[in-house]
Amino acid sequence: MTESKTRRRQPTARQRALLSELEALFLAEGFSQFTLDDLAARLRCSKSTLYALAPSKEQLAVKVVTHFFKGAAELLEERIAGIDDARKILGEYLAGISEYLNRASAAFMTDIAEFAPARDAYQLNSRAAAQRIRSFIDRGVTDGVFREVHARLIAEMAGLIIEGIQTGVVGQRAGVTDAEAFTALSELLLGGIATKNVLS
C-alpha cells in the first residue's frame with residue numbers, strides 16, 4: 001500500500017466532526033429508528049456525505065458504536081496512566097467504565113443489544129476490558145495488595161460477570177443499568193480481594 005493511499009483513507013476533519021455528532025445523537029436517542037434521510041436532516045449534511053463515512057445506515061451504526069467504545073478504551077488508559085497501586089488502578093478503571101456508560105441512553109444500549117454487528121463491537125470491547133482487569137488483579141497479587149488465594153479464579157469470574165453485563169443478562173435480572181453493574185462489580189472486587197492490611 002502506498003503512502004498516498006494510506007493518507008486518502010484517513011477521515012477528514014469534517015468526517016471526524018460528523019462522527020462525533022452522530023455519536024452524541026445515537027447516545028441520546030439510539031439509532032434503530034433513524035433512516036439516512038433522517039440523519040442527513042438532523043446533521044444538516046447530504047446523504048453522500050454520510051455515504052462517505054459508511055455505505056449503509058447499518059454500517060454507519062456499527063462505525064459509531066465502534067468509535068464510542070474505542071474512545072472509551074483510550075480514555076480509560078489515560079485515566080489510569082501514572083497510577084502505581086493496583087487497587088487504585090482497578091478502582092479507577094471500573095469507575096471510568098461506569099462513568100462512560102452513563103453517557104449512553106437506554107435506547108442506545110437496547111439498540112446495541114438488538115443489532116448483532118453492534119453487539120459484537122460491544123462484546124469485543126468487553127473482552128478487552130476483562131483482560132485488562134485480569135492483568136490488574138495479577139499485578140495486585142504480585143504487589144501484595146490483593147490476596148493470592150483465588151485471585152486468578154476471581155479474575156475469571158469477573159470476566160464472566162462482564163460478559164453477563166454486556167449480553168444484558170445482569171441488567172435484566174437485577175434491574176440495573178450497565179453503568180450501575182460495573183460500579184457494583186468494582187465494589188465487589190475491591191472489597192473481596194484486598195489484603196487485610198489494605199482494608200484496615
# chains A, B, ... in the order shown; residues from 1 in each chain; ligands from 1
$ residues_around --residues "Gly192 (chain A)" --least-positions-apart "5" --cutoff "9 Å" --atoms "only C-alpha atoms" --output "count of residues only"
3
$ residues_around --residues "Leu76 (chain A)" --least-positions-apart "3" --cutoff "9 Å" --atoms "only C-alpha atoms" --output "compact mmCIF listing (two decimals) with C-alpha atoms, in the first residue's frame"
# COMPACT_ATOMS: atom_id res chain seq x y z
CA GLY A 71 -12.84 6.30 22.64
CA ALA A 72 -13.77 4.69 25.95
CA ALA A 73 -10.74 2.39 25.85
CA ARG A 79 -7.23 7.70 33.34
CA ILE A 80 -5.02 5.02 34.89
CA ALA A 81 -1.73 6.23 33.42
CA GLU A 92 -10.30 3.90 38.58
CA TYR A 93 -10.68 1.60 35.59
CA LEU A 94 -14.07 0.25 36.66
CA GLY A 96 -14.27 5.01 34.35
CA ILE A 97 -16.29 2.31 32.59
$ residues_around --residues "region 112-126 of chain A" --least-positions-apart "5" --cutoff "8 Å" --atoms "only C-alpha atoms" --output "list in words"
Ala61, Val62, Val65, Thr66, Phe69, Lys70, Ala73, Ile162, Glu163, Gln166, Thr167 and Gly168 of chain A
$ write_last_selection --atoms "C-alpha atoms" --output "PDB file, in the first residue's frame"
ATOM      1  CA  ALA A  61     -24.280   2.497  13.215  1.00  0.00           C
ATOM      2  CA  VAL A  62     -21.502  -0.059  13.692  1.00  0.00           C
ATOM      3  CA  VAL A  65     -20.628   2.215  18.145  1.00  0.00           C
ATOM      4  CA  THR A  66     -17.038   1.152  17.472  1.00  0.00           C
ATOM      5  CA  PHE A  69     -16.024   2.097  22.602  1.00  0.00           C
ATOM      6  CA  LYS A  70     -12.634   2.861  21.065  1.00  0.00           C
ATOM      7  CA  ALA A  73     -10.742   2.391  25.854  1.00  0.00           C
ATOM      8  CA  ILE A 162     -18.646  -8.572  32.347  1.00  0.00           C
ATOM      9  CA  GLU A 163     -19.994 -10.914  29.674  1.00  0.00           C
ATOM     10  CA  GLN A 166     -22.614  -6.993  28.005  1.00  0.00           C
ATOM     11  CA  THR A 167     -25.273  -9.509  26.980  1.00  0.00           C
ATOM     12  CA  GLY A 168     -27.895  -7.781  29.122  1.00  0.00           C
TER      13      GLY A 168
END
$ residues_around --residues "Glu21 (chain A)" --least-positions-apart "4" --cutoff "8 Å" --atoms "only C-alpha atoms" --output "PDB file with N, CA and C atoms, in the first residue's frame"
ATOM      1  N   ALA A  17     -15.744  15.280  12.665  1.00  0.00           N
ATOM      2  CA  ALA A  17     -16.758  16.080  13.358  1.00  0.00           C
ATOM      3  C   ALA A  17     -18.134  15.432  13.229  1.00  0.00           C
ATOM      4  N   LEU A  25     -25.708  11.990  19.011  1.00  0.00           N
ATOM      5  CA  LEU A  25     -27.112  11.750  18.668  1.00  0.00           C
ATOM      6  C   LEU A  25     -27.537  10.335  19.034  1.00  0.00           C
ATOM      7  N   LEU A  43     -28.236  16.268  10.935  1.00  0.00           N
ATOM      8  CA  LEU A  43     -26.857  16.751  10.937  1.00  0.00           C
ATOM      9  C   LEU A  43     -26.622  17.858   9.906  1.00  0.00           C
TER      10      LEU A  43
END
$ select_by_dssp --residues "region 62-186 of chain A" --states "alpha helix (DSSP H)" --output "count of residues only"
104
$ closest_residue --among "A:Val64, A:Pro55, A:Ala86, A:Gln15" --to "Phe136 (chain A)" --atoms "only C-alpha atoms"
A:Ala86
$ atom_distance --atom1 "CA of Thr177 (chain A)" --atom2 "CA of Ala194 (chain A)"
25.9 Å
$ residues_around --residues "Ala95 (chain A)" --least-positions-apart "6" --cutoff "12 Å" --atoms "only C-alpha atoms" --output "MDAnalysis selection string"
chainID A and resid 72 75:76 79:80 88:89 101:102 178:187 190
$ closest_residue --among "A:Ser56, A:Gln172, A:Thr49, A:Ser98" --to "Leu18 (chain A)" --atoms "only C-alpha atoms"
A:Thr49
$ residues_around --residues "Ala24 (chain A)" --least-positions-apart "5" --cutoff "10 Å" --atoms "only C-alpha atoms" --output "PyMOL selection string"
chain A and resi 18-19+29-30+64+68+103-104
$ closest_residue --among "A:Leu27, A:Leu50, A:Ile161, A:Val141" --to "Asp111 (chain A)" --atoms "only C-alpha atoms"
A:Leu27
$ atom_distance --atom1 "CA of Arg16 (chain A)" --atom2 "CA of Met109 (chain A)"
22.6 Å
